[in-house]
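J.: Below is the structure I would like to discuss, written out as structure tokens.
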Amino acid sequence: NAGVTQTPKFRILKIGQSMTLQCAQDMNHNYMYWYRQDPGMGLKLIYYSVGAGITDKGEVPNGYNVSRSTTEDFPLRLELAAPSQTSVYFCASSYGVPGANVLTFGAGSRLTVL
Amino acid sequence: AQSVTQLDSHVSVSEGTPVLLRCNYSSSYSPSLFWYVQHPNKGLQLLLKYTSAATLVKGINGFEAEFKKSETSFHLTKPSAHMSDAAEYFCVVSDRGYGGSQGNLIFGKGTKLSVKP
């Protein structure tokens, strides 16, 4: 039972490059999320999705894009990487609304933009 | 709007002594409250959750938390710390029925727990 799988685990980007962080879950969860974690700041929600074909912005969406073509996959796209996007990114999923359901997190993707 | 404050950024205890990690929240509605734990280089894992049932909530690995509405607190405790408890702990609040946000979660800034031998 894999849960939530994120790739890559580590990546170094140059300013202005683009990349996609992959996230897949095998629990048939409807809700999926992308968070970023900066030291001493907790987790901030970037984007979330309540089902295939439906996405919405979270607290810090600027500089990112997402898509949800299937229930299983929720990739996060970084366009024109900037040093401010250096962070650890976590993908998570839940069966239903986050207030009433447990989130299952991936192991994280550490991104450095130089 | 809801918010959550973890009162200590770092707590250090000796193995076998009690653990207290403090969390205060602010919420316009009846909140759901969670504690998540993050071990080094790992994702977050749920310790326990409060969703308006019993005010004393028991979680995994001997942790528990008490919801105190009058004090707007949800402190995490454990009677006896173990070396394996060393990790970062996050208090999380969600307002159920918070409009179009689908009850999004607000994370505290985290408390790093160190356990000395």
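In the structure tokens, chains take the letters A, B, ... in the order shown, each chain's residues start at 1, and ligands count up from 1 in the order shown.
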Tell me the residues of chain B close to chain A, meaning within 8 Å using only C-alpha atoms, as number ranges by chain.

T.: B: 9, 32, 41-46, 51, 90, 93-96, 102-110

J.: Please write the residues from the selection above to a file, keeping C-alpha atoms, as a CSV table (one decimal), in the first residue's frame.

T.:
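Result saved to result-v9.csv:
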chain,number,residue,atom,x,y,z
B,9,SER,CA,9.2,26.8,18.9
B,32,SER,CA,-11.7,20.6,14.3
B,41,ASN,CA,13.0,14.0,6.4
B,42,LYS,CA,9.6,12.5,6.6
B,43,GLY,CA,6.1,13.5,5.8
B,44,LEU,CA,3.5,14.5,8.4
B,45,GLN,CA,1.6,11.8,10.3
B,46,LEU,CA,-1.6,12.3,12.3
B,51,THR,CA,-14.0,16.8,16.2
B,90,PHE,CA,2.2,20.8,14.4
B,93,VAL,CA,-7.2,24.0,13.1
B,94,SER,CA,-10.0,23.7,10.6
B,95,ASP,CA,-13.3,25.5,10.7
B,96,ARG,CA,-15.9,23.1,9.5
B,102,GLN,CA,-13.9,23.4,2.2
B,103,GLY,CA,-12.6,23.7,5.7
B,104,ASN,CA,-9.0,24.2,4.8
B,105,LEU,CA,-6.4,23.5,7.4
B,106,ILE,CA,-4.4,26.2,9.2
B,107,PHE,CA,-1.0,24.9,10.4
B,108,GLY,CA,0.9,26.3,13.4
B,109,LYS,CA,4.5,27.1,12.9
B,110,GLY,CA,5.6,23.9,14.7

J.: I'd like the neighbourhood of segment 61-66 of chain B as an NGL selection string, where a residue qualifies if any of its atoms comes within 9 Å (using only C-alpha atoms), though same-chain residues fewer than 2 positions away should be ignored.

T.: :B and (19 or 35 or 47-50 or 54-59 or 68 or 73-80 or 85)

J.: Quick one: write out the picked residues with N, CA, C and O atoms as an mmCIF file, in the first residue's frame?

T.:
data_model
loop_
_atom_site.group_PDB
_atom_site.id
_atom_site.type_symbol
_atom_site.label_atom_id
_atom_site.label_comp_id
_atom_site.auth_asym_id
_atom_site.auth_seq_id
_atom_site.Cartn_x
_atom_site.Cartn_y
_atom_site.Cartn_z
ATOM 1 N N VAL B 19 5.952 15.401 28.723
ATOM 2 C CA VAL B 19 6.001 16.312 27.580
ATOM 3 C C VAL B 19 4.755 17.185 27.575
ATOM 4 O O VAL B 19 3.635 16.696 27.792
ATOM 5 N N TRP B 35 -3.296 17.284 15.876
ATOM 6 C CA TRP B 35 -1.854 17.330 16.058
ATOM 7 C C TRP B 35 -1.238 16.355 15.054
ATOM 8 O O TRP B 35 -1.642 15.186 14.979
ATOM 9 N N LEU B 47 -1.269 12.432 14.710
ATOM 10 C CA LEU B 47 -1.173 11.919 16.079
ATOM 11 C C LEU B 47 -2.551 11.720 16.682
ATOM 12 O O LEU B 47 -2.839 10.691 17.282
ATOM 13 N N LEU B 48 -3.387 12.750 16.564
ATOM 14 C CA LEU B 48 -4.736 12.689 17.121
ATOM 15 C C LEU B 48 -5.568 13.825 16.547
ATOM 16 O O LEU B 48 -5.039 14.760 15.966
ATOM 17 N N LYS B 49 -6.918 13.696 16.737
ATOM 18 C CA LYS B 49 -7.808 14.742 16.246
ATOM 19 C C LYS B 49 -8.985 14.922 17.195
ATOM 20 O O LYS B 49 -9.435 13.978 17.854
ATOM 21 N N TYR B 50 -9.473 16.140 17.251
ATOM 22 C CA TYR B 50 -10.672 16.489 18.009
ATOM 23 C C TYR B 50 -11.725 17.003 17.030
ATOM 24 O O TYR B 50 -11.457 17.914 16.248
ATOM 25 N N ALA B 54 -15.510 13.690 22.632
ATOM 26 C CA ALA B 54 -14.879 13.829 23.950
ATOM 27 C C ALA B 54 -13.791 14.885 23.920
ATOM 28 O O ALA B 54 -13.031 14.990 22.960
ATOM 29 N N THR B 55 -13.708 15.677 24.991
ATOM 30 C CA THR B 55 -12.729 16.772 25.014
ATOM 31 C C THR B 55 -11.311 16.278 25.260
ATOM 32 O O THR B 55 -10.356 16.961 24.904
ATOM 33 N N LEU B 56 -11.159 15.103 25.873
ATOM 34 C CA LEU B 56 -9.839 14.508 26.052
ATOM 35 C C LEU B 56 -9.648 13.473 24.953
ATOM 36 O O LEU B 56 -10.376 12.488 24.878
ATOM 37 N N VAL B 57 -8.674 13.735 24.106
ATOM 38 C CA VAL B 57 -8.468 12.902 22.930
ATOM 39 C C VAL B 57 -7.176 12.108 23.086
ATOM 40 O O VAL B 57 -6.127 12.676 23.395
ATOM 41 N N LYS B 58 -7.266 10.820 22.871
ATOM 42 C CA LYS B 58 -6.072 9.973 22.942
ATOM 43 C C LYS B 58 -5.584 9.665 21.539
ATOM 44 O O LYS B 58 -6.390 9.404 20.630
ATOM 45 N N GLY B 59 -4.259 9.712 21.374
ATOM 46 C CA GLY B 59 -3.682 9.454 20.076
ATOM 47 C C GLY B 59 -2.724 8.286 20.111
ATOM 48 O O GLY B 59 -2.733 7.480 21.025
ATOM 49 N N LYS B 68 -9.955 22.666 25.425
ATOM 50 C CA LYS B 68 -10.523 23.543 26.443
ATOM 51 C C LYS B 68 -11.072 24.775 25.746
ATOM 52 O O LYS B 68 -10.322 25.702 25.403
ATOM 53 N N SER B 73 -7.609 26.395 23.962
ATOM 54 C CA SER B 73 -6.335 25.685 23.928
ATOM 55 C C SER B 73 -6.536 24.226 23.546
ATOM 56 O O SER B 73 -7.635 23.654 23.715
ATOM 57 N N PHE B 74 -5.475 23.630 23.045
ATOM 58 C CA PHE B 74 -5.483 22.211 22.659
ATOM 59 C C PHE B 74 -4.057 21.702 22.849
ATOM 60 O O PHE B 74 -3.362 21.345 21.904
ATOM 61 N N HIS B 75 -3.624 21.651 24.105
ATOM 62 C CA HIS B 75 -2.242 21.274 24.417
ATOM 63 C C HIS B 75 -2.023 19.767 24.287
ATOM 64 O O HIS B 75 -2.889 18.967 24.656
ATOM 65 N N LEU B 76 -0.852 19.415 23.818
ATOM 66 C CA LEU B 76 -0.474 18.005 23.620
ATOM 67 C C LEU B 76 0.402 17.546 24.780
ATOM 68 O O LEU B 76 1.350 18.252 25.151
ATOM 69 N N THR B 77 0.103 16.384 25.341
ATOM 70 C CA THR B 77 0.884 15.885 26.468
ATOM 71 C C THR B 77 1.230 14.414 26.292
ATOM 72 O O THR B 77 0.586 13.686 25.534
ATOM 73 N N LYS B 78 2.266 14.017 27.026
ATOM 74 C CA LYS B 78 2.644 12.607 27.112
ATOM 75 C C LYS B 78 3.309 12.417 28.464
ATOM 76 O O LYS B 78 4.151 13.230 28.859
ATOM 77 N N PRO B 79 2.933 11.394 29.226
ATOM 78 C CA PRO B 79 3.453 11.260 30.594
ATOM 79 C C PRO B 79 4.968 11.027 30.657
ATOM 80 O O PRO B 79 5.622 11.499 31.582
ATOM 81 N N SER B 80 5.504 10.308 29.669
ATOM 82 C CA SER B 80 6.904 9.914 29.757
ATOM 83 C C SER B 80 7.517 9.925 28.352
ATOM 84 O O SER B 80 7.119 9.144 27.492
ATOM 85 N N ASP B 85 10.420 10.026 20.351
ATOM 86 C CA ASP B 85 9.460 11.134 20.245
ATOM 87 C C ASP B 85 10.094 12.397 19.681
ATOM 88 O O ASP B 85 9.377 13.354 19.360
#

J.: So what do you get for atom CA of Asp8 of chain B versus atom CA of Ser30 of chain B, distance-wise?

T.: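 Result for atom CA of Asp8 of chain B versus atom CA of Ser30 of chain B: 24.8 Å, one decimal.
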
J.: Identify all residues of chain B in strand (DSSP E or B) (DSSP on the backbone) and supply them as a PyMOL selection string.

T.: chain B and resi 3-6+10-14+19-21+23-26+31-38+44-50+56-58+64-68+73-78+87-95+105-107+111-116

J.: What does the structure give for the distance between atom CA of Ser114 of chain B and atom CA of Cys23 of chain B, in Å to one decimal?

T.: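 Separation of atom CA of Ser114 of chain B and atom CA of Cys23 of chain B: 17.5 Å.
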
J.: Need to verify the contact set: segment 69-73 of chain A, 7 Å, only C-alpha atoms, exclusion of same-chain residues closer than 4 positions in sequence. Can you return it as JSON, numbers by chain?

T.: {"A": [23, 24, 25, 26, 28, 30, 51, 52, 53]}

J.: For Ser12 of chain B, which of B:His39, B:Asn24, B:Val92, B:Met83 is the closest residue, counting only C-alpha atoms?

T.: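 So, comparing all the options, the nearest one is B:Met83.
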
J.: For each of A:Ser93, A:Ser67, A:Ser18, A:Ser84, take the minimum atom-to-atom distance to Tyr35 of chain A, counting only C-alpha atoms, then give the residue where this is smallest.

T.: A:Ser93

J.: Counting only C-alpha atoms, which of A:Thr112, A:Gln22, A:Asn62, A:Ser49 gets nearest to Ser94 of chain A?

T.: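 Of the candidates, the smallest distance to Ser94 of chain A is held by A:Ser49.
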
J.: Which residue is closest to Thr5 of chain B? Choose from B:Ser28, B:Thr111, B:Ser52, B:Gln38 and count only C-alpha atoms.

T.: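 Nearest to Thr5 of chain B: B:Thr111.
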
J.: Provide the atom CA of Gln6 of chain B to atom CA of Gln85 of chain A distance in Å, to one decimal place.

T.: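 A separation of 24.8 Å between them.
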